[in-house]
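Quick look at structure.csv (CSV, C-alpha atoms):
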```
chain,number,residue,atom,x,y,z
F,1,MET,CA,30.6,106.5,-20.7
F,2,THR,CA,30.2,102.7,-20.1
F,3,GLY,CA,33.3,101.4,-18.7
F,4,SER,CA,34.5,104.2,-16.5
F,5,ILE,CA,34.6,104.0,-12.7
F,6,PHE,CA,32.6,107.2,-12.1
F,7,ASN,CA,29.1,106.0,-12.5
F,8,ILE,CA,26.1,106.4,-10.3
F,9,PRO,CA,26.1,103.0,-8.4
F,10,PHE,CA,29.7,103.0,-7.4
F,11,LEU,CA,29.5,106.6,-6.3
F,12,ALA,CA,26.4,105.8,-4.2
F,13,VAL,CA,28.3,102.9,-2.6
F,14,ALA,CA,31.2,105.2,-1.7
F,15,ALA,CA,28.9,107.8,-0.3
F,16,LEU,CA,27.0,105.3,1.9
F,17,VAL,CA,30.3,103.8,3.2
F,18,GLY,CA,31.5,107.3,4.1
F,19,ILE,CA,28.3,108.2,5.9
F,20,ALA,CA,28.3,104.9,7.8
F,21,LEU,CA,31.9,105.3,9.0
F,22,TYR,CA,31.2,108.8,10.1
F,23,ILE,CA,28.1,107.7,12.1
F,24,ILE,CA,30.0,104.8,13.7
F,25,MET,CA,32.9,106.9,14.8
F,26,SER,CA,31.1,109.9,16.2
F,27,GLN,CA,27.8,108.8,17.8
F,28,ARG,CA,27.4,107.9,21.5
F,29,ASN,CA,23.9,106.7,21.5
F,30,LEU,CA,23.9,102.9,21.1
F,31,ILE,CA,20.8,102.7,18.8
F,32,LYS,CA,22.3,105.2,16.4
F,33,LEU,CA,25.4,103.0,16.3
F,34,VAL,CA,23.4,100.1,15.3
F,35,MET,CA,21.8,102.2,12.5
F,36,GLY,CA,25.3,103.0,11.2
F,37,ILE,CA,26.2,99.4,11.1
F,38,THR,CA,23.1,98.6,9.2
F,39,ILE,CA,23.8,101.3,6.6
F,40,LEU,CA,27.3,99.9,6.1
F,41,GLU,CA,25.8,96.5,5.5
F,42,SER,CA,23.4,97.9,2.9
F,43,ALA,CA,26.3,99.6,1.1
F,44,VAL,CA,28.1,96.3,0.8
F,45,ASN,CA,25.0,94.5,-0.6
F,46,LEU,CA,24.6,97.2,-3.2
F,47,PHE,CA,28.2,96.9,-4.2
F,48,LEU,CA,27.8,93.1,-4.7
F,49,VAL,CA,24.8,93.5,-6.9
F,50,THR,CA,26.4,96.2,-9.0
F,51,LEU,CA,29.4,94.1,-9.8
F,52,GLY,CA,27.4,91.7,-11.9
F,53,TYR,CA,25.9,94.2,-14.3
F,54,ARG,CA,26.2,93.8,-18.1
F,55,GLY,CA,25.4,96.9,-20.0
F,56,GLY,CA,21.8,97.1,-21.1
F,57,GLY,CA,20.8,93.7,-19.6
F,58,VAL,CA,17.6,92.3,-18.3
F,59,ALA,CA,16.9,90.1,-15.2
F,60,PRO,CA,18.1,86.5,-15.5
F,61,ILE,CA,14.5,85.0,-15.5
F,62,PHE,CA,13.1,83.1,-18.4
F,63,THR,CA,9.4,83.5,-17.7
F,64,ASN,CA,8.0,86.1,-20.2
F,65,ALA,CA,11.5,87.5,-20.6
F,66,PRO,CA,12.1,90.6,-22.8
F,67,GLU,CA,14.8,90.6,-25.4
F,68,GLY,CA,18.4,91.3,-24.4
F,69,ILE,CA,21.4,89.8,-22.8
F,70,MET,CA,21.0,88.8,-19.2
F,71,VAL,CA,22.9,90.0,-16.2
F,72,LEU,CA,24.9,87.6,-14.1
F,73,PRO,CA,22.8,85.6,-11.5
F,74,VAL,CA,25.6,84.5,-9.1
F,75,PRO,CA,26.3,87.9,-7.3
F,76,GLN,CA,22.5,88.1,-6.7
F,77,ALA,CA,22.6,84.7,-5.0
F,78,LEU,CA,25.5,85.8,-2.8
F,79,THR,CA,23.7,89.0,-1.8
F,80,LEU,CA,20.7,87.0,-0.6
F,81,THR,CA,22.9,85.2,1.9
F,82,SER,CA,24.5,88.5,3.0
F,83,ILE,CA,21.1,90.1,3.7
F,84,VAL,CA,20.0,87.3,5.9
F,85,ILE,CA,23.3,87.5,7.8
F,86,GLY,CA,22.7,91.2,8.3
F,87,VAL,CA,19.3,90.5,9.8
F,88,ALA,CA,20.7,88.0,12.3
F,89,VAL,CA,23.5,90.4,13.4
F,90,THR,CA,21.1,93.3,13.8
F,91,ALA,CA,18.6,91.2,15.9
F,92,LEU,CA,21.4,90.1,18.2
F,93,MET,CA,22.7,93.6,18.7
F,94,LEU,CA,19.3,95.0,19.5
F,95,SER,CA,18.7,92.3,22.0
F,96,MET,CA,22.0,93.2,23.8
F,97,ILE,CA,20.9,96.8,23.9
F,98,VAL,CA,17.7,95.9,25.6
F,99,LEU,CA,19.6,93.9,28.2
F,100,THR,CA,22.0,96.7,28.8
F,101,TYR,CA,19.1,99.1,29.3
F,102,ARG,CA,17.6,96.7,31.9
F,103,HIS,CA,20.9,96.4,33.7
F,104,THR,CA,22.1,100.0,33.9
F,105,GLY,CA,19.1,102.2,32.9
F,106,ASP,CA,21.1,104.2,30.4
F,107,ILE,CA,22.1,103.7,26.8
F,108,ASP,CA,25.3,105.6,26.3
F,109,ALA,CA,28.4,104.1,24.9
F,110,GLU,CA,30.8,106.1,27.2
F,111,LYS,CA,29.1,105.0,30.4
F,112,SER,CA,28.7,101.4,29.4
F,113,ARG,CA,32.4,101.1,28.8
F,114,GLN,CA,33.0,101.2,32.6
F,115,MET,CA,30.9,98.3,33.6
F,116,LYS,CA,32.8,95.7,35.7
F,117,GLY,CA,32.3,92.0,36.0
O,1,MET,CA,-3.8,100.8,19.5
O,2,SER,CA,-6.8,102.8,18.3
O,3,LYS,CA,-9.8,101.5,16.5
O,4,ILE,CA,-8.8,102.6,13.1
O,5,VAL,CA,-5.5,100.8,13.3
O,6,ARG,CA,-7.2,97.6,14.5
O,7,THR,CA,-9.8,97.7,11.7
O,8,ILE,CA,-7.2,98.2,9.0
O,9,ALA,CA,-5.0,95.4,10.4
O,10,ASN,CA,-8.0,93.1,10.4
O,11,LEU,CA,-8.7,93.9,6.7
O,12,LEU,CA,-5.2,93.8,5.4
O,13,ILE,CA,-3.8,90.8,7.2
O,14,PHE,CA,-5.3,88.1,4.9
O,15,PRO,CA,-4.0,89.6,1.6
O,16,ILE,CA,-0.6,90.0,3.1
O,17,LEU,CA,-0.3,86.4,4.2
O,18,THR,CA,-1.7,85.1,0.9
O,19,PHE,CA,0.8,87.3,-1.0
O,20,GLY,CA,3.7,85.9,1.1
O,21,LEU,CA,2.6,82.3,0.4
O,22,TYR,CA,2.3,83.1,-3.3
O,23,ILE,CA,5.9,84.4,-3.5
O,24,ILE,CA,7.1,81.2,-1.7
O,25,MET,CA,5.3,78.8,-4.0
O,26,HIS,CA,6.2,80.4,-7.3
O,27,GLY,CA,9.8,80.8,-6.4
O,28,HIS,CA,11.1,78.9,-9.4
O,29,LEU,CA,9.1,80.9,-12.0
O,30,THR,CA,9.1,84.6,-10.9
O,31,PRO,CA,11.5,86.5,-8.7
O,32,GLY,CA,11.2,85.5,-5.1
O,33,GLY,CA,11.6,82.2,-3.3
O,34,GLY,CA,11.8,81.0,0.2
O,35,PHE,CA,13.6,83.9,2.0
O,36,GLN,CA,11.7,86.7,0.3
O,37,GLY,CA,8.2,85.1,0.9
O,38,GLY,CA,9.1,84.3,4.4
O,39,ALA,CA,10.0,87.9,5.1
O,40,VAL,CA,6.7,89.2,3.7
O,41,PHE,CA,4.8,86.7,5.9
O,42,ALA,CA,6.7,87.7,9.0
O,43,SER,CA,5.9,91.4,8.2
O,44,GLY,CA,2.3,90.5,8.4
O,45,VAL,CA,2.8,88.9,11.8
O,46,ALA,CA,4.7,92.1,12.9
O,47,LEU,CA,1.7,94.2,11.8
O,48,LEU,CA,-0.6,92.1,14.1
O,49,VAL,CA,1.8,92.5,17.0
O,50,VAL,CA,1.9,96.3,16.6
O,51,ALA,CA,-1.9,96.6,16.2
O,52,PHE,CA,-3.1,94.3,19.0
O,53,GLY,CA,-0.3,94.3,21.6
O,54,SER,CA,2.1,91.5,22.2
O,55,TYR,CA,0.3,90.0,25.2
O,56,ASN,CA,-2.9,89.2,23.1
O,57,ILE,CA,-0.9,87.7,20.3
O,58,GLN,CA,1.1,85.6,22.7
O,59,LYS,CA,-2.0,84.0,24.1
O,60,ARG,CA,-2.8,82.5,20.6
O,61,LEU,CA,0.6,82.0,19.0
O,62,LYS,CA,3.0,80.4,21.5
O,63,GLU,CA,6.7,80.2,20.9
O,64,HIS,CA,6.7,76.5,21.5
O,65,HIS,CA,4.6,75.8,18.5
O,66,LEU,CA,6.7,78.1,16.3
O,67,SER,CA,9.9,76.4,17.2
O,68,ILE,CA,8.5,73.1,16.3
O,69,LEU,CA,7.6,74.6,12.9
O,70,GLU,CA,11.1,75.9,12.4
O,71,SER,CA,12.8,72.6,13.3
O,72,SER,CA,10.5,70.7,10.9
O,73,GLY,CA,11.4,73.1,8.1
O,74,ALA,CA,15.1,72.5,8.7
O,75,LEU,CA,14.7,68.7,8.8
O,76,MET,CA,12.8,68.8,5.6
O,77,PHE,CA,15.6,70.8,3.9
O,78,ILE,CA,18.2,68.3,5.0
O,79,GLY,CA,16.1,65.3,4.1
O,80,LEU,CA,15.7,66.7,0.5
O,81,ALA,CA,19.4,67.2,0.3
O,82,PHE,CA,20.1,63.6,1.4
O,83,GLY,CA,17.5,62.3,-1.1
O,84,GLY,CA,19.9,62.4,-4.1
O,85,MET,CA,22.8,61.0,-2.0
O,86,ALA,CA,23.3,58.2,-4.6
O,87,ILE,CA,25.3,60.5,-6.8
O,88,VAL,CA,26.3,63.7,-5.0
O,89,PHE,CA,25.1,65.5,-1.8
O,90,PHE,CA,22.7,68.1,-3.3
O,91,TYR,CA,21.7,66.2,-6.5
O,92,ASN,CA,18.4,67.2,-8.1
O,93,PHE,CA,16.8,63.8,-8.2
O,94,LEU,CA,13.3,64.8,-9.2
O,95,VAL,CA,14.1,66.1,-12.8
O,96,GLY,CA,12.4,63.8,-15.3
O,97,SER,CA,10.1,62.1,-12.7
O,98,PRO,CA,6.4,62.6,-12.6
O,99,ILE,CA,6.1,64.8,-9.5
O,100,PHE,CA,7.8,68.0,-10.3
O,101,GLY,CA,9.9,67.0,-13.2
O,102,ARG,CA,8.8,68.6,-16.5
O,103,ILE,CA,11.6,70.4,-18.3
O,104,PRO,CA,10.6,73.8,-19.7
O,105,PRO,CA,11.4,74.8,-23.3
O,106,SER,CA,14.5,76.8,-23.5
O,107,GLY,CA,14.2,80.6,-24.1
O,108,PRO,CA,11.4,82.9,-22.9
O,109,ASN,CA,8.2,81.0,-22.1
O,110,PRO,CA,5.1,81.4,-19.9
O,111,GLY,CA,5.9,79.5,-16.8
O,112,ASP,CA,4.6,76.1,-15.9
O,113,MET,CA,4.3,75.4,-12.2
O,114,TRP,CA,5.1,71.7,-12.3
O,115,THR,CA,8.7,72.2,-13.4
O,116,GLY,CA,11.8,72.6,-11.3
O,117,GLY,CA,12.6,69.3,-9.7
O,118,VAL,CA,13.5,69.5,-6.0
O,119,ILE,CA,13.5,73.4,-6.0
O,120,PRO,CA,9.8,74.1,-5.1
O,121,LEU,CA,10.0,71.7,-2.1
O,122,MET,CA,13.2,73.3,-0.9
O,123,ASN,CA,11.5,76.7,-1.2
O,124,VAL,CA,8.7,75.5,1.0
O,125,ALA,CA,11.2,74.2,3.6
O,126,VAL,CA,13.2,77.4,3.7
O,127,GLY,CA,10.0,79.4,3.8
O,128,LEU,CA,8.7,77.6,6.9
O,129,LYS,CA,12.0,78.2,8.6
O,130,VAL,CA,12.2,81.9,7.8
O,131,ILE,CA,8.5,82.4,8.8
O,132,ALA,CA,8.9,80.8,12.2
O,133,GLY,CA,12.3,82.3,12.9
O,134,LEU,CA,11.4,85.9,12.1
O,135,SER,CA,8.1,85.6,13.9
O,136,VAL,CA,9.8,84.3,17.1
O,137,ILE,CA,12.3,87.2,17.0
O,138,VAL,CA,9.5,89.8,16.7
O,139,LEU,CA,7.3,88.3,19.4
O,140,VAL,CA,10.1,87.7,22.0
O,141,MET,CA,11.5,91.2,21.6
O,142,ALA,CA,8.1,92.8,21.8
O,143,LEU,CA,7.3,90.8,24.9
O,144,ALA,CA,10.6,91.8,26.6
O,145,CYS,CA,10.1,95.5,25.8
O,146,SER,CA,6.6,95.6,27.1
O,147,LYS,CA,7.7,94.1,30.5
O,148,VAL,CA,10.3,96.8,30.8
O,149,LYS,CA,7.6,99.5,30.8
O,150,ILE,CA,5.5,97.7,33.4
O,151,GLU,CA,8.3,97.2,35.9
O,152,GLU,CA,9.1,100.9,36.2
M,1,MET,CA,42.7,99.8,1.1
M,2,VAL,CA,40.4,102.0,-0.8
M,3,PHE,CA,43.2,102.5,-3.3
M,4,LEU,CA,43.5,98.7,-3.8
M,5,VAL,CA,39.7,98.3,-4.4
M,6,ALA,CA,39.8,101.1,-6.9
M,7,LEU,CA,42.7,99.6,-8.7
M,8,ALA,CA,41.0,96.2,-8.9
M,9,LEU,CA,37.9,97.9,-10.3
M,10,LEU,CA,39.8,99.6,-13.0
M,11,THR,CA,41.0,96.4,-14.7
M,12,HIS,CA,37.5,95.4,-15.8
M,13,PRO,CA,35.3,98.1,-17.3
M,14,PHE,CA,31.9,98.7,-15.7
M,15,GLY,CA,29.5,96.9,-18.1
M,16,HIS,CA,31.6,93.9,-19.0
M,17,PRO,CA,32.4,91.7,-16.0
M,18,PRO,CA,34.3,88.4,-16.5
M,19,SER,CA,31.5,85.9,-17.0
M,20,GLN,CA,32.6,82.4,-18.0
M,21,MET,CA,30.8,80.5,-15.2
M,22,ASP,CA,27.6,82.6,-15.6
M,23,ASP,CA,27.5,82.0,-19.3
M,24,TYR,CA,27.4,78.3,-18.6
M,25,ILE,CA,24.7,78.7,-16.0
M,26,ILE,CA,22.4,80.9,-18.2
M,27,GLU,CA,22.9,78.4,-21.0
M,28,ASN,CA,22.1,75.2,-19.2
M,29,ALA,CA,19.9,76.1,-16.2
M,30,GLN,CA,16.6,75.2,-17.8
M,31,SER,CA,17.7,71.9,-19.2
M,32,GLU,CA,19.6,70.7,-16.1
M,33,THR,CA,17.5,71.9,-13.2
M,34,GLY,CA,14.2,72.6,-15.0
M,35,ALA,CA,13.6,76.0,-13.3
M,36,ASN,CA,12.8,79.2,-15.1
M,37,ASN,CA,14.5,81.4,-12.5
M,38,ALA,CA,18.3,81.3,-12.9
M,39,VAL,CA,18.8,83.0,-9.5
M,40,THR,CA,16.8,80.3,-7.6
M,41,ALA,CA,18.6,77.6,-9.5
M,42,VAL,CA,21.9,79.0,-8.4
M,43,VAL,CA,20.8,79.4,-4.8
M,44,PHE,CA,19.3,76.0,-4.4
M,45,ASP,CA,21.0,73.8,-6.9
M,46,TYR,CA,24.4,74.9,-8.1
M,47,ARG,CA,25.3,76.4,-4.7
M,48,GLY,CA,23.2,74.5,-2.2
M,49,PHE,CA,25.8,74.4,0.5
M,50,ASP,CA,25.7,78.2,1.0
M,51,THR,CA,22.0,78.0,1.6
M,52,LEU,CA,22.5,75.2,4.1
M,53,GLY,CA,25.0,77.4,6.0
M,54,GLU,CA,22.7,80.3,5.9
M,55,ALA,CA,19.8,78.3,7.3
M,56,THR,CA,22.2,77.3,10.2
M,57,ILE,CA,23.0,81.0,10.8
M,58,LEU,CA,19.2,81.8,11.1
M,59,PHE,CA,18.6,78.9,13.4
M,60,THR,CA,21.5,79.9,15.7
M,61,ALA,CA,20.4,83.6,15.8
M,62,VAL,CA,16.8,82.7,16.7
M,63,THR,CA,18.1,80.3,19.5
M,64,ALA,CA,20.4,83.0,20.9
M,65,VAL,CA,17.6,85.7,21.0
M,66,VAL,CA,15.2,83.3,22.8
M,67,MET,CA,17.9,82.3,25.2
M,68,LEU,CA,18.8,85.9,26.1
M,69,PHE,CA,15.2,86.7,27.1
M,70,ARG,CA,14.4,83.8,29.4
M,71,LYS,CA,12.6,84.5,32.7
M,72,ARG,CA,14.4,83.5,35.9
M,73,LYS,CA,12.7,82.2,39.0
M,74,GLY,CA,12.0,85.4,40.9
M,75,GLU,CA,10.8,87.7,38.1
M,76,ILE,CA,7.4,89.3,37.9
M,77,THR,CA,5.3,88.1,35.0
M,78,LYS,CA,2.1,89.9,33.8
```
Would you encode the structure as structure tokens?
Amino acid sequence: MTGSIFNIPFLAVAALVGIALYIIMSQRNLIKLVMGITILESAVNLFLVTLGYRGGGVAPIFTNAPEGIMVLPVPQALTLTSIVIGVAVTALMLSMIVLTYRHTGDIDAEKSRQMKG
Amino acid sequence: MSKIVRTIANLLIFPILTFGLYIIMHGHLTPGGGFQGGAVFASGVALLVVAFGSYNIQKRLKEHHLSILESSGALMFIGLAFGGMAIVFFYNFLVGSPIFGRIPPSGPNPGDMWTGGVIPLMNVAVGLKVIAGLSVIVLVMALACSKVKIEE
Amino acid sequence: MVFLVALALLTHPFGHPPSQMDDYIIENAQSETGANNAVTAVVFDYRGFDTLGEATILFTAVTAVVMLFRKRKGEITK
């Protein structure tokens, strides 16, 4: 079974991407929209980490390491950067939601589309 | 917040901050490093903000001091990057020298803290930056939301 | 686009990714950088420019959040 495309991590990534796209397209409340974007970001991070897996491997750390071949360390380094970028984007989106609430008194994506100026 | 939450926050805050600093300092031996330890430390600050209210925390921990901390972390990171400028931009110039420069034996070994070259100092710089940055975000947003409730 | 991703995934089986660069890194990380943690060695030594860019992103995000919540002259403060 090693080597096929239908294994648990890839199926989990596909399920998360599907759930996130459904949330983004169908919700009107702005905070639920931000939650959907965060779920999409977690799915992409999981995909990045899963790409670097060697069958039966251990973590690439040499301090008291158990026996076995090591998984690749480079995708884990790229995922660190991606997580921090996700935090920055979420913080900015939530700040804009607070400012929209102060300005109009309502968080609803349909009504905010008609703001002028 | 109620008295139970304040007591538990008082008890738990010191182990949380120590654990965050432990993760930052041992970044070159165990899983962790600057970003992860900084996030744990900022979670401790967020616990304090939730338990005691953002106005009381803002009286002691001003954003002006936190932004000085963040800028000094960034300057330390760039200074360490320029330190090995003789060869290449990010050269690891402390390997082999007496400060952090022992080379560990290859293969599995119990870790020795004085290895790693420039990497522990870079961990401390990035850790300071992440601590200050995430604490400022939590404090400013908590202050803004509390004012919204008062003006109604 | 999903079809292209699936097609790209099928060319390499799940447990055996192409790993020429990572074999070199796992082999020589302890003697060249002196760190026991290969992930930290990659993040700060072999790919230090990415960490520099990420520190810049954090700095910009914090500055933007502080700038959005500034008080103007006539606002009530507690």
Which value, in Å to one decimal, gives the distance between CA of Val87 (chain F) and CA of Ser43 (chain O)?
13.5 Å
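With all atoms listed in the file as the basis for measurement, O:Val126 is the residue among O:Leu94, O:Pro104, O:Arg60, O:Val126 that approaches Ile78 (chain O) most closely.
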Give me, as number ranges by chain, all polymer residues having an atom no more than 12 Å from Arg102 (chain O), counting only C-alpha atoms and skipping those fewer than 4 positions away in the same chain.
O: 94-98, 111-118; M: 30-36
Would you kindly return, as a PyMOL selection string, each protein, DNA or RNA residue with an atom no farther than 9 Å from any atom of region 43-57 of chain M, considering all atoms listed in the file and excluding same-chain residues fewer than 6 positions away?
(chain F and resi 74+77-78+80-82+84-85+88) or (chain O and resi 74+77-78+81+90-92+118-119+122-123+126+129-130) or (chain M and resi 25+33)
With the cut-off set at 6 Å and counting all atoms listed in the file, tabulate each residue of chain F with an atom at most that distance from an atom of chain M, showing the nearest atom pair and its distance in Å to one decimal, ordered by chain and increasing number, as a tab-separated table.
```
residue	atom	partner	partner_atom	distance
F:Gly3	CA	M:Pro13	CA	4.1
F:Tyr53	CA	M:Gly15	CA	5.9
F:Arg54	CA	M:Gly15	CA	4.5
F:Gly55	CA	M:Gly15	CA	4.5
F:Pro60	CA	M:Ala38	CA	5.8
F:Ile61	CA	M:Asn37	CA	4.7
F:Phe62	CA	M:Asn36	CA	5.1
F:Leu72	CA	M:Asp22	CA	5.9
F:Pro73	CA	M:Val39	CA	5.2
F:Ala77	CA	M:Val43	CA	5.6
F:Ala88	CA	M:Ala61	CA	5.6
```
Would you kindly return, as a PDB file with C-alpha atoms, in the coordinates of the input, each protein, DNA or RNA residue with an atom no farther than 7 Å from any atom of region 2-16 of chain O, considering all atoms listed in the file and excluding same-chain residues fewer than 4 positions away?
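Output saved as around_8.pdb:
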```pdb
ATOM      1  CA  GLY O  20       3.700  85.900   1.100  1.00  0.00           C
ATOM      2  CA  PHE O  41       4.800  86.700   5.900  1.00  0.00           C
ATOM      3  CA  GLY O  44       2.300  90.500   8.400  1.00  0.00           C
ATOM      4  CA  LEU O  47       1.700  94.200  11.800  1.00  0.00           C
ATOM      5  CA  LEU O  48      -0.600  92.100  14.100  1.00  0.00           C
ATOM      6  CA  ALA O  51      -1.900  96.600  16.200  1.00  0.00           C
ATOM      7  CA  PHE O  52      -3.100  94.300  19.000  1.00  0.00           C
TER       8      PHE O  52
END
```
Rank F:Ile69, F:Val49, F:Leu33, F:Ala109 by their smallest atom-to-atom distance to chain O, using only C-alpha atoms, and report the top residue only.
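Of F:Ile69, F:Val49, F:Leu33, F:Ala109, the one nearest chain O is F:Ile69, counting only C-alpha atoms.
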Residues of chain O were defined as contacting chain F if any atom lay at most 6 Å from it, counting only C-alpha atoms; please report them as a PDB file with C-alpha atoms, in the frame of the given file.
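part-v4.pdb, written as the output of this step:
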```pdb
ATOM      1  CA  PRO O 108      11.400  82.900 -22.900  1.00  0.00           C
ATOM      2  CA  ASN O 109       8.200  81.000 -22.100  1.00  0.00           C
ATOM      3  CA  PRO O 110       5.100  81.400 -19.900  1.00  0.00           C
ATOM      4  CA  GLY O 111       5.900  79.500 -16.800  1.00  0.00           C
TER       5      GLY O 111
END
```
Could you check which of O:Leu143, O:Ile103, O:Ala42, O:Leu66 is closest to Leu17 (chain O), using all atoms listed in the file?
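Smallest separation from Leu17 (chain O) among the options: O:Ala42.
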Go through O:Ser54, O:Ser146, O:Thr30, O:Thr18 and flag the residue nearest chain M, using only C-alpha atoms for the distances.
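Smallest distance to chain M is found for O:Thr30.
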Take CA of Met96 (chain F) and CA of Ile137 (chain O) and report the distance between them in Å, one decimal.
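Rounded to one decimal, the two atoms are 13.3 Å apart.
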Who sits within 9 Å of Arg28 (chain F), only C-alpha atoms, same chain under 3 positions skipped, as a list of chain:residue names:
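Here the qualifying residues turn out to be F:Ile24, F:Met25, F:Ile31, F:Lys32, F:Leu33, F:Ile107, F:Asp108, F:Ala109, F:Glu110.
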Using only C-alpha atoms and a cutoff of 10 Å, can you tell me which residues are near (23.5, 97.4, 4.4) in the file's coordinates, and write them out as a CSV table (one decimal) with C-alpha atoms, keeping the file's coordinate frame?
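Final output, saved to result-v8.csv:
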```csv
chain,number,residue,atom,x,y,z
F,16,LEU,CA,27.0,105.3,1.9
F,17,VAL,CA,30.3,103.8,3.2
F,20,ALA,CA,28.3,104.9,7.8
F,35,MET,CA,21.8,102.2,12.5
F,36,GLY,CA,25.3,103.0,11.2
F,37,ILE,CA,26.2,99.4,11.1
F,38,THR,CA,23.1,98.6,9.2
F,39,ILE,CA,23.8,101.3,6.6
F,40,LEU,CA,27.3,99.9,6.1
F,41,GLU,CA,25.8,96.5,5.5
F,42,SER,CA,23.4,97.9,2.9
F,43,ALA,CA,26.3,99.6,1.1
F,44,VAL,CA,28.1,96.3,0.8
F,45,ASN,CA,25.0,94.5,-0.6
F,46,LEU,CA,24.6,97.2,-3.2
F,47,PHE,CA,28.2,96.9,-4.2
F,82,SER,CA,24.5,88.5,3.0
F,83,ILE,CA,21.1,90.1,3.7
F,86,GLY,CA,22.7,91.2,8.3
F,87,VAL,CA,19.3,90.5,9.8
```
Let me make sure I understand: among O:Leu80, O:Ala125, O:Leu29, O:Ile24, which one has the smallest atom-to-atom distance to chain M if we use all atoms listed in the file?
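Closest to chain M, using all atoms listed in the file: O:Leu29.
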Selected region 55-66 of chain M, written as a short mmCIF file (atom, residue, chain, number, x, y, z; two decimals), in the first residue's frame, N, CA and C atoms:
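Contents of the output file out34.cif:
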```
data_model
loop_
_atom_site.label_atom_id
_atom_site.label_comp_id
_atom_site.auth_asym_id
_atom_site.auth_seq_id
_atom_site.Cartn_x
_atom_site.Cartn_y
_atom_site.Cartn_z
N ALA M 55 10.99 37.45 8.78
CA ALA M 55 11.08 38.45 9.84
C ALA M 55 10.56 39.79 9.35
N THR M 56 10.82 40.11 8.10
CA THR M 56 10.30 41.36 7.53
C THR M 56 8.78 41.34 7.46
N ILE M 57 8.21 40.19 7.10
CA ILE M 57 6.75 40.10 7.02
C ILE M 57 6.12 40.31 8.39
N LEU M 58 6.70 39.68 9.43
CA LEU M 58 6.18 39.86 10.79
C LEU M 58 6.24 41.31 11.21
N PHE M 59 7.36 41.98 10.91
CA PHE M 59 7.53 43.37 11.29
C PHE M 59 6.49 44.25 10.61
N THR M 60 6.27 43.99 9.30
CA THR M 60 5.29 44.79 8.56
C THR M 60 3.88 44.56 9.08
N ALA M 61 3.55 43.32 9.41
CA ALA M 61 2.19 43.05 9.91
C ALA M 61 1.94 43.74 11.24
N VAL M 62 2.95 43.71 12.14
CA VAL M 62 2.77 44.34 13.45
C VAL M 62 2.63 45.85 13.29
N THR M 63 3.44 46.44 12.39
CA THR M 63 3.33 47.89 12.16
C THR M 63 1.97 48.26 11.59
N ALA M 64 1.45 47.43 10.68
CA ALA M 64 0.15 47.75 10.09
C ALA M 64 -0.96 47.65 11.12
N VAL M 65 -0.92 46.66 12.01
CA VAL M 65 -1.99 46.53 13.01
C VAL M 65 -1.96 47.70 13.98
N VAL M 66 -0.75 48.10 14.41
CA VAL M 66 -0.67 49.23 15.34
C VAL M 66 -1.15 50.51 14.66
#
```
